[in-house]
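What follows is the content of work27.txt, which has compact mmCIF, C-alpha atoms:
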```txt
# COMPACT_ATOMS: atom_id res chain seq x y z
CA MET G 10 15.22 -2.65 -11.02
CA ALA G 11 14.43 0.93 -9.91
CA GLY G 12 13.72 2.17 -13.41
CA ALA G 13 11.43 -0.78 -14.01
CA ALA G 14 9.31 -0.34 -10.88
CA GLY G 15 6.32 0.76 -12.92
CA LEU G 16 6.16 -2.54 -14.78
CA LEU G 17 5.98 -4.70 -11.67
CA VAL G 18 2.35 -4.26 -10.82
CA LEU G 19 0.67 -7.54 -11.71
CA GLY G 20 0.33 -11.17 -10.51
CA GLY G 21 0.63 -14.95 -11.25
CA VAL G 22 3.20 -17.76 -11.85
CA THR G 23 2.37 -21.09 -13.62
CA ALA G 24 1.09 -21.98 -17.07
CA CYS G 25 -2.51 -23.11 -16.90
CA ALA G 26 -5.88 -21.39 -16.98
CA ASP G 27 -9.21 -21.81 -15.26
CA ASP G 28 -12.54 -21.02 -16.84
CA SER G 29 -13.53 -18.02 -14.69
CA SER G 30 -14.28 -14.97 -16.77
CA SER G 31 -16.08 -11.65 -16.58
CA ASP G 32 -17.27 -8.96 -18.95
CA SER G 33 -15.26 -5.84 -18.18
CA SER G 34 -16.92 -3.55 -20.69
CA ALA G 35 -19.16 -1.80 -18.15
CA PRO G 36 -18.66 1.98 -17.95
CA ALA G 37 -15.89 2.82 -15.49
CA GLY G 38 -18.06 5.57 -14.00
CA ASP G 39 -20.81 3.34 -12.58
CA THR G 40 -20.96 3.61 -8.77
CA SER G 41 -23.24 2.58 -5.92
CA ALA G 42 -24.07 3.84 -2.45
CA LEU G 43 -21.60 2.68 0.18
CA PRO G 44 -22.75 0.62 3.18
CA SER G 45 -22.85 2.03 6.70
CA ASN G 46 -20.67 -0.01 9.02
CA PRO G 47 -18.31 2.35 10.86
CA ALA G 48 -15.41 0.95 12.86
CA THR G 49 -15.78 1.53 16.58
CA GLY G 50 -12.69 -0.13 18.02
CA ASP G 51 -9.56 1.68 19.13
CA PRO G 52 -7.35 2.80 16.21
CA ILE G 53 -4.46 0.59 15.13
CA LYS G 54 -1.42 1.98 13.38
CA ILE G 55 -0.77 0.58 9.92
CA GLY G 56 2.37 1.82 8.19
CA TYR G 57 2.05 2.82 4.55
CA ILE G 58 5.19 3.43 2.49
CA THR G 59 4.62 4.80 -0.99
CA PRO G 60 6.89 5.89 -3.89
CA GLU G 61 6.35 9.61 -4.11
CA GLY G 62 8.34 12.80 -4.46
CA GLY G 63 11.36 11.40 -6.29
CA ALA G 64 12.27 10.26 -9.79
CA VAL G 65 9.40 7.76 -9.57
CA SER G 66 6.41 9.55 -8.05
CA LEU G 67 3.05 7.79 -7.90
CA PRO G 68 0.70 9.83 -5.68
CA MET G 69 -2.27 7.85 -6.94
CA VAL G 70 -0.96 4.77 -5.11
CA ARG G 71 -1.14 6.69 -1.82
CA GLU G 72 -4.55 8.10 -2.72
CA GLY G 73 -5.95 4.64 -3.43
CA GLY G 74 -4.71 3.33 -0.08
CA GLU G 75 -6.03 6.34 1.81
CA ALA G 76 -9.44 5.97 0.14
CA ALA G 77 -9.59 2.32 1.20
CA ALA G 78 -8.66 3.22 4.79
CA GLN G 79 -11.41 5.83 4.91
CA TYR G 80 -13.87 3.29 3.57
CA LEU G 81 -12.89 0.74 6.22
CA ASN G 82 -13.21 3.35 8.97
CA ASN G 83 -16.55 4.80 7.84
CA ASN G 84 -18.25 2.01 5.94
CA GLY G 85 -16.42 -1.31 6.11
CA GLY G 86 -16.02 -2.15 9.80
CA GLY G 87 -12.32 -1.36 10.00
CA ILE G 88 -9.72 -4.08 10.60
CA GLY G 89 -11.15 -6.54 13.08
CA GLY G 90 -13.54 -3.77 14.14
CA HIS G 91 -10.70 -1.33 14.79
CA GLN G 92 -10.28 2.00 13.09
CA VAL G 93 -7.28 2.27 10.77
CA ASP G 94 -4.66 4.91 11.55
CA LEU G 95 -2.67 4.98 8.31
CA VAL G 96 0.89 6.17 9.01
CA VAL G 97 2.11 7.38 5.61
CA CYS G 98 5.76 7.78 4.65
CA GLU G 99 6.82 8.83 1.16
CA GLN G 100 10.06 7.30 -0.09
CA GLN G 101 11.74 8.77 -3.15
CA GLU G 102 12.93 5.45 -4.64
CA ASP G 103 16.42 5.82 -3.21
CA PRO G 104 18.03 3.85 -0.35
CA ALA G 105 18.33 6.81 2.00
CA SER G 106 14.66 7.80 2.00
CA ALA G 107 13.56 4.16 1.99
CA THR G 108 15.71 3.44 5.05
CA ALA G 109 14.28 6.50 6.80
CA CYS G 110 10.72 5.33 6.12
CA ALA G 111 11.44 1.80 7.37
CA ASN G 112 13.00 3.16 10.55
CA GLN G 113 10.01 5.46 11.07
CA MET G 114 7.68 2.46 10.97
CA VAL G 115 9.70 0.69 13.66
CA GLU G 116 9.83 3.82 15.84
CA ASP G 117 6.07 4.35 15.45
CA GLN G 118 5.44 0.72 16.48
CA VAL G 119 2.99 0.04 13.68
CA ALA G 120 1.14 -3.28 13.63
CA ALA G 121 1.99 -3.93 9.97
CA VAL G 122 3.61 -2.13 7.04
CA ILE G 123 2.00 -1.86 3.63
CA SER G 124 4.25 -1.00 0.68
CA PRO G 125 2.07 -1.50 -2.41
CA LEU G 126 5.00 -1.37 -4.86
CA GLY G 127 8.43 0.14 -5.30
CA ALA G 128 12.02 -0.79 -6.01
CA GLN G 129 13.35 -0.37 -2.47
CA GLY G 130 11.89 -3.48 -0.86
CA ALA G 131 15.33 -5.05 -0.40
CA VAL G 132 16.29 -2.01 1.69
CA MET G 133 13.11 -1.67 3.74
CA LEU G 134 11.99 -5.25 4.33
CA PRO G 135 14.93 -6.43 6.50
CA ILE G 136 14.49 -3.44 8.82
CA ILE G 137 10.73 -3.92 9.13
CA THR G 138 10.56 -7.69 9.47
CA GLY G 139 13.67 -7.61 11.65
CA ALA G 140 11.55 -5.71 14.15
CA GLY G 141 8.86 -8.41 13.95
CA ILE G 142 6.50 -6.32 11.83
CA PRO G 143 4.69 -7.96 8.87
CA TYR G 144 5.53 -6.50 5.45
CA ILE G 145 2.65 -6.59 2.95
CA SER G 146 2.77 -5.61 -0.72
CA GLN G 147 0.68 -5.89 -3.86
CA ALA G 148 3.56 -6.33 -6.29
CA PRO G 149 7.01 -7.68 -5.36
CA VAL G 150 10.05 -6.27 -7.13
CA SER G 151 13.10 -7.68 -5.37
CA GLN G 152 13.98 -11.30 -4.71
CA VAL G 153 14.09 -10.44 -1.00
CA GLU G 154 10.39 -9.62 -1.10
CA MET G 155 9.58 -12.92 -2.78
CA VAL G 156 11.33 -15.27 -0.34
CA SER G 157 11.43 -13.58 3.10
CA GLU G 158 9.66 -14.70 6.26
CA ASN G 159 6.85 -12.45 7.52
CA ALA G 160 6.46 -10.97 4.03
CA TYR G 161 3.21 -11.29 2.10
CA MET G 162 2.97 -10.43 -1.62
CA LEU G 163 -0.63 -10.45 -2.81
CA SER G 164 0.43 -10.87 -6.44
CA GLY G 165 3.34 -12.47 -8.24
CA GLY G 166 4.75 -9.28 -9.76
CA ILE G 167 6.91 -9.64 -12.83
CA VAL G 168 7.07 -13.42 -12.33
CA ALA G 169 3.32 -13.52 -12.87
CA VAL G 170 3.41 -11.24 -15.89
CA LEU G 171 5.99 -13.33 -17.71
CA SER G 172 4.44 -16.69 -16.89
CA GLY G 173 0.98 -15.47 -17.83
CA GLN G 174 2.29 -14.16 -21.12
CA ALA G 175 4.11 -17.44 -21.79
CA ALA G 176 0.93 -19.42 -21.12
CA THR G 177 -1.15 -17.16 -23.37
CA ALA G 178 1.42 -17.22 -26.17
CA ALA G 179 1.64 -21.03 -26.02
CA GLN G 180 -2.14 -21.31 -26.22
CA ALA G 181 -2.02 -19.18 -29.39
CA GLY G 182 0.64 -21.44 -30.90
CA TYR G 183 3.36 -18.78 -30.95
CA LYS G 184 7.03 -19.74 -31.27
CA LYS G 185 8.88 -16.40 -30.93
CA PHE G 186 8.30 -13.73 -28.29
CA THR G 187 10.11 -10.43 -27.75
CA VAL G 188 10.28 -8.33 -24.58
CA LEU G 189 11.07 -4.61 -24.80
CA VAL G 190 12.49 -3.36 -21.49
CA GLY G 191 14.43 -0.31 -20.29
CA ASP G 192 18.13 -0.38 -19.51
CA SER G 193 17.87 0.82 -15.89
CA GLY G 194 19.74 -1.32 -13.36
CA ASP G 195 19.52 -5.04 -13.96
CA ALA G 196 15.96 -5.02 -15.27
CA ALA G 197 16.82 -6.62 -18.62
CA ALA G 198 19.03 -9.27 -17.04
CA SER G 199 16.35 -10.08 -14.47
CA VAL G 200 13.66 -10.41 -17.13
CA GLN G 201 15.96 -12.66 -19.17
CA ALA G 202 16.77 -14.87 -16.19
CA LEU G 203 13.15 -15.13 -15.02
CA GLY G 204 11.49 -15.38 -18.40
CA THR G 205 13.75 -17.76 -20.33
CA PRO G 206 12.81 -20.95 -18.45
CA MET G 207 9.11 -20.03 -18.45
CA PHE G 208 9.00 -19.51 -22.21
CA GLU G 209 11.24 -22.50 -22.91
CA GLN G 210 8.85 -24.71 -20.95
CA ALA G 211 6.04 -23.34 -23.14
CA GLY G 212 8.03 -24.14 -26.28
CA ILE G 213 8.69 -20.50 -27.15
CA GLU G 214 11.94 -18.68 -27.94
CA LEU G 215 12.29 -15.56 -25.76
CA LYS G 216 14.27 -12.50 -26.86
CA VAL G 217 14.87 -9.52 -24.54
CA VAL G 218 15.56 -6.20 -26.27
CA THR G 219 16.98 -3.37 -24.19
CA VAL G 220 15.71 0.13 -24.96
CA PRO G 221 17.64 3.07 -23.43
CA THR G 222 15.46 4.69 -20.77
CA GLY G 223 14.30 8.16 -21.74
CA THR G 224 14.90 7.68 -25.47
CA ALA G 225 12.34 9.76 -27.32
CA ASP G 226 12.46 7.58 -30.43
CA PRO G 227 13.54 3.97 -29.88
CA THR G 228 12.75 3.02 -33.49
CA PRO G 229 16.32 1.89 -34.31
CA GLN G 230 16.54 -0.41 -31.29
CA ILE G 231 13.05 -1.84 -31.84
CA THR G 232 13.63 -2.31 -35.57
CA ALA G 233 16.77 -4.33 -34.85
CA GLY G 234 15.10 -6.22 -32.03
CA LEU G 235 12.17 -7.32 -34.19
CA ALA G 236 14.29 -8.34 -37.17
CA ASP G 237 13.45 -12.01 -36.57
CA ASN G 238 9.70 -11.31 -36.88
CA PRO G 239 8.39 -12.43 -33.47
CA ASP G 240 4.81 -13.62 -33.13
CA ALA G 241 4.16 -11.26 -30.20
CA VAL G 242 5.88 -8.46 -28.30
CA THR G 243 5.46 -6.96 -24.83
CA ILE G 244 6.63 -3.67 -23.33
CA LEU G 245 7.78 -3.77 -19.71
CA GLY G 246 8.15 -0.20 -18.55
CA ASP G 247 6.47 2.96 -17.31
CA THR G 248 4.08 5.17 -19.26
CA GLY G 249 6.90 7.10 -20.95
CA GLN G 250 8.48 3.95 -22.33
CA CYS G 251 5.07 2.64 -23.36
CA ILE G 252 4.38 5.80 -25.35
CA SER G 253 7.68 5.81 -27.22
CA SER G 254 7.67 2.05 -27.84
CA LEU G 255 4.07 1.90 -29.04
CA LYS G 256 4.73 4.77 -31.45
CA ALA G 257 7.76 2.94 -32.80
CA LEU G 258 5.82 -0.32 -33.14
CA GLN G 259 3.15 1.46 -35.17
CA THR G 260 5.88 2.25 -37.69
CA VAL G 261 8.07 -0.83 -37.44
CA ALA G 262 5.53 -3.63 -36.94
CA PRO G 263 1.96 -2.31 -36.82
CA ASP G 264 0.44 -5.80 -37.13
CA VAL G 265 2.48 -7.62 -34.49
CA GLN G 266 0.44 -9.02 -31.58
CA LYS G 267 0.97 -6.83 -28.52
CA TYR G 268 0.87 -8.09 -24.92
CA LEU G 269 0.40 -5.04 -22.68
CA ILE G 270 0.61 -4.45 -18.94
CA ALA G 271 -1.35 -1.83 -17.02
CA SER G 272 1.11 1.02 -17.51
CA CYS G 273 0.74 0.74 -21.30
CA LEU G 274 -3.03 1.09 -21.05
CA ASP G 275 -3.00 4.12 -18.75
CA LYS G 276 -4.79 7.27 -19.87
CA PRO G 277 -1.61 9.32 -20.56
CA VAL G 278 -0.48 6.59 -22.96
CA LEU G 279 -3.79 6.46 -24.81
CA ASP G 280 -3.89 10.25 -25.02
CA ASN G 281 -0.48 10.19 -26.74
CA VAL G 282 -0.71 7.18 -29.03
CA GLY G 283 -4.44 6.82 -29.63
CA ASN G 284 -6.65 3.81 -29.06
CA GLU G 285 -5.65 2.32 -32.41
CA ALA G 286 -2.14 1.64 -31.09
CA VAL G 287 -3.48 -0.81 -28.48
CA ALA G 288 -6.61 -2.14 -30.17
CA GLY G 289 -6.46 -5.91 -30.57
CA ALA G 290 -3.79 -6.32 -27.88
CA LYS G 291 -3.91 -8.72 -24.95
CA ALA G 292 -3.93 -7.02 -21.54
CA PHE G 293 -2.27 -8.55 -18.46
CA THR G 294 -3.50 -6.96 -15.23
CA THR G 295 -4.62 -7.63 -11.68
CA VAL G 296 -7.56 -5.26 -11.92
CA VAL G 297 -10.33 -4.61 -14.42
CA VAL G 298 -11.91 -1.34 -13.40
CA GLY G 299 -14.98 -1.51 -15.63
CA ALA G 300 -16.05 -5.04 -14.73
CA ASP G 301 -19.75 -5.39 -13.91
CA THR G 302 -19.06 -7.16 -10.61
CA GLU G 303 -19.77 -6.27 -7.00
CA SER G 304 -16.07 -6.02 -6.16
CA SER G 305 -15.19 -3.70 -9.06
CA ASP G 306 -18.28 -1.61 -8.41
CA LEU G 307 -17.16 -1.16 -4.81
CA TYR G 308 -13.72 -0.03 -5.98
CA ARG G 309 -15.21 2.60 -8.30
CA SER G 310 -17.61 3.73 -5.59
CA VAL G 311 -14.93 4.05 -2.90
CA MET G 312 -12.66 6.03 -5.21
CA ALA G 313 -15.53 8.28 -6.25
CA GLU G 314 -16.37 8.99 -2.60
CA TYR G 315 -12.92 9.33 -1.04
CA ALA G 316 -10.56 10.11 -3.95
CA PRO G 317 -12.77 11.86 -6.52
CA ASP G 318 -9.84 13.56 -8.26
CA THR G 319 -7.94 10.29 -8.75
CA ASP G 320 -8.56 8.34 -11.95
CA PRO G 321 -9.78 4.87 -10.89
CA ALA G 322 -8.34 3.49 -14.13
CA GLY G 323 -4.84 4.52 -13.05
CA LEU G 324 -2.52 2.89 -10.52
CA GLY G 325 -4.58 3.81 -7.45
CA TYR G 326 -5.86 0.24 -7.33
CA LEU G 327 -2.45 -0.92 -6.05
CA GLY G 328 -2.89 0.82 -2.72
CA TYR G 329 -6.61 0.11 -2.59
CA GLN G 330 -6.21 -3.63 -3.06
CA VAL G 331 -3.66 -4.08 -0.25
CA VAL G 332 -5.51 -2.00 2.34
CA MET G 333 -8.85 -3.62 1.51
CA SER G 334 -7.26 -7.08 1.58
CA LEU G 335 -5.89 -6.40 5.06
CA GLY G 336 -9.41 -5.40 6.09
CA GLU G 337 -10.73 -8.69 4.70
CA VAL G 338 -8.06 -10.79 6.39
CA GLY G 339 -8.47 -8.79 9.58
CA GLU G 340 -12.03 -10.02 10.04
CA SER G 341 -10.52 -13.06 11.76
CA LEU G 342 -8.71 -10.97 14.38
CA THR G 343 -9.82 -11.12 18.00
CA GLY G 344 -8.19 -9.47 20.95
CA PRO G 345 -5.31 -6.98 20.67
CA VAL G 346 -4.17 -6.27 17.10
CA THR G 347 -0.44 -6.85 17.36
CA PRO G 348 2.14 -7.51 14.63
CA GLU G 349 2.07 -11.17 15.66
CA ALA G 350 -1.72 -11.30 15.33
CA ILE G 351 -1.64 -9.77 11.84
CA ALA G 352 1.15 -12.15 10.78
CA THR G 353 -0.94 -15.09 11.95
CA ALA G 354 -4.00 -13.78 10.11
CA MET G 355 -2.02 -13.26 6.91
CA SER G 356 -0.40 -16.69 7.10
CA SER G 357 -3.85 -18.23 7.58
CA ALA G 358 -5.41 -16.39 4.63
CA LYS G 359 -6.68 -18.94 2.12
CA ASP G 360 -8.46 -18.31 -1.17
CA VAL G 361 -9.29 -14.71 -0.25
CA PRO G 362 -10.69 -12.79 -3.26
CA LEU G 363 -8.41 -9.96 -4.38
CA PRO G 364 -10.50 -6.76 -4.42
CA ALA G 365 -11.54 -5.51 -7.87
CA ALA G 366 -9.94 -8.52 -9.53
CA GLU G 367 -12.72 -11.00 -10.21
CA GLY G 368 -11.27 -14.49 -10.55
CA ILE G 369 -8.08 -13.90 -8.53
CA THR G 370 -7.64 -15.13 -4.96
CA PHE G 371 -4.66 -15.13 -2.63
CA THR G 372 -3.37 -17.71 -0.14
CA CYS G 373 -0.45 -16.68 2.06
CA ASP G 374 0.65 -19.95 3.68
CA GLY G 375 3.58 -20.37 1.30
CA SER G 376 1.84 -22.89 -0.94
CA ALA G 377 0.99 -20.61 -3.89
CA VAL G 378 4.56 -20.73 -5.18
CA PRO G 379 6.60 -22.97 -2.87
CA GLN G 380 9.96 -21.83 -4.24
CA LEU G 381 8.95 -18.19 -3.65
CA ARG G 382 7.17 -18.55 -0.34
CA ALA G 383 6.18 -14.91 0.13
CA LEU G 384 4.02 -14.89 -3.00
CA CYS G 385 0.37 -15.32 -2.10
CA SER G 386 -0.88 -15.71 -5.67
CA ARG G 387 0.27 -16.75 -9.11
CA ALA G 388 -2.81 -15.51 -10.99
CA ILE G 389 -3.24 -12.80 -13.56
CA LEU G 390 -6.17 -11.47 -15.58
CA VAL G 391 -5.88 -11.69 -19.35
CA SER G 392 -8.25 -9.57 -21.43
CA ASP G 393 -8.84 -8.53 -25.02
CA VAL G 394 -8.34 -4.83 -25.71
CA THR G 395 -11.17 -3.44 -27.83
CA ASP G 396 -11.08 -0.71 -30.47
CA ASP G 397 -12.01 1.86 -27.81
CA ALA G 398 -9.29 0.57 -25.43
CA THR G 399 -11.65 -1.10 -22.98
CA LEU G 400 -11.11 -4.66 -21.77
CA GLU G 401 -13.37 -7.61 -22.44
CA ASN G 402 -13.37 -11.42 -22.34
CA THR G 403 -11.35 -11.38 -19.14
CA THR G 404 -10.04 -14.72 -17.91
CA ALA G 405 -8.05 -15.57 -14.78
CA VAL G 406 -4.89 -17.47 -15.72
CA ASN G 407 -2.80 -19.49 -13.24
CA ASN G 408 -5.38 -19.31 -10.47
CA GLY G 409 -5.39 -22.47 -8.35
CA ALA G 410 -3.17 -25.47 -7.97
CA ASN G 411 -2.42 -26.24 -11.63
```

Give the structure from the file, written as structure tokens.
Amino acid sequence: MAGAAGLLVLGGVTACADDSSSDSSAPAGDTSALPSNPATGDPIKIGYITPEGGAVSLPMVREGGEAAAQYLNNNGGGIGGHQVDLVVCEQQEDPASATACANQMVEDQVAAVISPLGAQGAVMLPIITGAGIPYISQAPVSQVEMVSENAYMLSGGIVAVLSGQAATAAQAGYKKFTVLVGDSGDAAASVQALGTPMFEQAGIELKVVTVPTGTADPTPQITAGLADNPDAVTILGDTGQCISSLKALQTVAPDVQKYLIASCLDKPVLDNVGNEAVAGAKAFTTVVVGADTESSDLYRSVMAEYAPDTDPAGLGYLGYQVVMSLGEVGESLTGPVTPEAIATAMSSAKDVPLPAAEGITFTCDGSAVPQLRALCSRAILVSDVTDDATLENTTAVNNGAN
């Protein structure tokens, strides 16, 4: 799944919707003054492993997490009143560097490890949790991350994306759905295995079309893949695949309904394909940056203060959400902040709002998705993409015990 790591950044699992919604058309630049509540307790070490420096390099994920840590230390009361000492290790999305980072966390005796996303969880998690250290992520990639003890996934990853898309397609009355996915590793096979039962339950025929990774013009593959005229199509891949696939779709099937994840709505994509290529699409995300809500306003304000050169509309929210969530959960901590204390706090977390994701909450007691006990949420935000590529009419799907 390494080549598909960029697609696994969202949340949710079942096929029902609540009626929570928000208008996310507010300008993304709106910010507010930050509160003054500095942390005064002794620093606690929190490990932070991020994909950077290799074939998949996402520095904005580190920058979002670092901005959140600075906010907690200077403005947000820390974690249980303690300052956050973020111990950063950059893994290059290969087993060797991932193993080195995991071992560093154990040697540094961190109280918890945050790994917002990446394809090396199956390598790192056993080392970290084997040492009794909680492993916390925003988006799970591997099965190991979804089912392990002492692991806490704030979103449902690709499971959530597919189930949310199935629920939305069923509500629209669609009968055929096509997924475009790269050919790296077993990404296509995994999407087929995960998605088929979800779409079948929704009464929809699922077709997975493999597109060679790095292909500049996938028009032949997409033309063949859409020969049966699906009602909707989604692209599961990084920004490069989104660019090439959206360009091909504009030629092959310009009117087909598009279901897009965050990577296909990123600024580099829009700069290459134009807003018209995504206008009218449905967006599936776990953040809506422009929402006129207190939580989204705080996200924009923190990024403006502590990561001013990082686009808040990019993937920085992944790191931000996990660090801020740990700060929220950590309010219940008393006494020494040990790995055991953080594990207890995470396991006790119930209906905690996910930062900058109005309508999504997480519960980490194993009840969100019983068959995948490490998932703390099965919710995802579904929005309409406007002509200027902003999101509106956002609704939380699969939030709660439906």

CA of Thr372 in chain G and CA of Glu116 in chain G are how many Å apart?
29.9 Å

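Minimum atom-to-atom distance to Ala160 in chain G, evaluated using all atoms listed in the file, belongs to G:Gly130 out of G:Gly85, G:Gly246, G:Gly323, G:Gly130.
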
Atomic separation - CA of Ile252 in chain G relative to CA of Val331 in chain G, Å:
28.1 Å

Exercise: Gly139 in chain G partners within 12 Å, only C-alpha atoms, chain neighbours under 2 positions left out, as a PDB file with C-alpha atoms, in the frame of the given file:
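After the write, around.pdb holds the following:
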```
ATOM      1  CA  ALA G 111      11.440   1.800   7.370  1.00  0.00           C
ATOM      2  CA  ASN G 112      13.000   3.160  10.550  1.00  0.00           C
ATOM      3  CA  MET G 114       7.680   2.460  10.970  1.00  0.00           C
ATOM      4  CA  VAL G 115       9.700   0.690  13.660  1.00  0.00           C
ATOM      5  CA  VAL G 132      16.290  -2.010   1.690  1.00  0.00           C
ATOM      6  CA  MET G 133      13.110  -1.670   3.740  1.00  0.00           C
ATOM      7  CA  LEU G 134      11.990  -5.250   4.330  1.00  0.00           C
ATOM      8  CA  PRO G 135      14.930  -6.430   6.500  1.00  0.00           C
ATOM      9  CA  ILE G 136      14.490  -3.440   8.820  1.00  0.00           C
ATOM     10  CA  ILE G 137      10.730  -3.920   9.130  1.00  0.00           C
ATOM     11  CA  GLY G 141       8.860  -8.410  13.950  1.00  0.00           C
ATOM     12  CA  ILE G 142       6.500  -6.320  11.830  1.00  0.00           C
ATOM     13  CA  PRO G 143       4.690  -7.960   8.870  1.00  0.00           C
ATOM     14  CA  TYR G 144       5.530  -6.500   5.450  1.00  0.00           C
ATOM     15  CA  SER G 157      11.430 -13.580   3.100  1.00  0.00           C
ATOM     16  CA  GLU G 158       9.660 -14.700   6.260  1.00  0.00           C
ATOM     17  CA  ASN G 159       6.850 -12.450   7.520  1.00  0.00           C
ATOM     18  CA  ALA G 160       6.460 -10.970   4.030  1.00  0.00           C
ATOM     19  CA  PRO G 348       2.140  -7.510  14.630  1.00  0.00           C
TER      20      PRO G 348
END
```

Taking the point (13.0, 1.7, -35.4) as given in the file, collect each protein or nucleic acid residue that comes within 8 Å of it, counting only C-alpha atoms, and present the set as a tab-separated table (two decimals) with C-alpha atoms, in the coordinates of the input.
```
chain	number	residue	atom	x	y	z
G	226	ASP	CA	12.46	7.58	-30.43
G	227	PRO	CA	13.54	3.97	-29.88
G	228	THR	CA	12.75	3.02	-33.49
G	229	PRO	CA	16.32	1.89	-34.31
G	230	GLN	CA	16.54	-0.41	-31.29
G	231	ILE	CA	13.05	-1.84	-31.84
G	232	THR	CA	13.63	-2.31	-35.57
G	233	ALA	CA	16.77	-4.33	-34.85
G	257	ALA	CA	7.76	2.94	-32.80
G	258	LEU	CA	5.82	-0.32	-33.14
G	260	THR	CA	5.88	2.25	-37.69
G	261	VAL	CA	8.07	-0.83	-37.44
```

Looking at G:Glu209, G:Asp51, G:Glu154, G:Asp264, which one is nearest to Val346 in chain G, with distances taken over all atoms listed in the file?
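Going through G:Glu209, G:Asp51, G:Glu154, G:Asp264 one by one, the smallest distance to Val346 in chain G is for G:Asp51.
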
Atom-to-atom span, CA of Asn408 in chain G and CA of Pro125 in chain G, Å
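Calculated distance between CA of Asn408 in chain G and CA of Pro125 in chain G is 20.9 Å.
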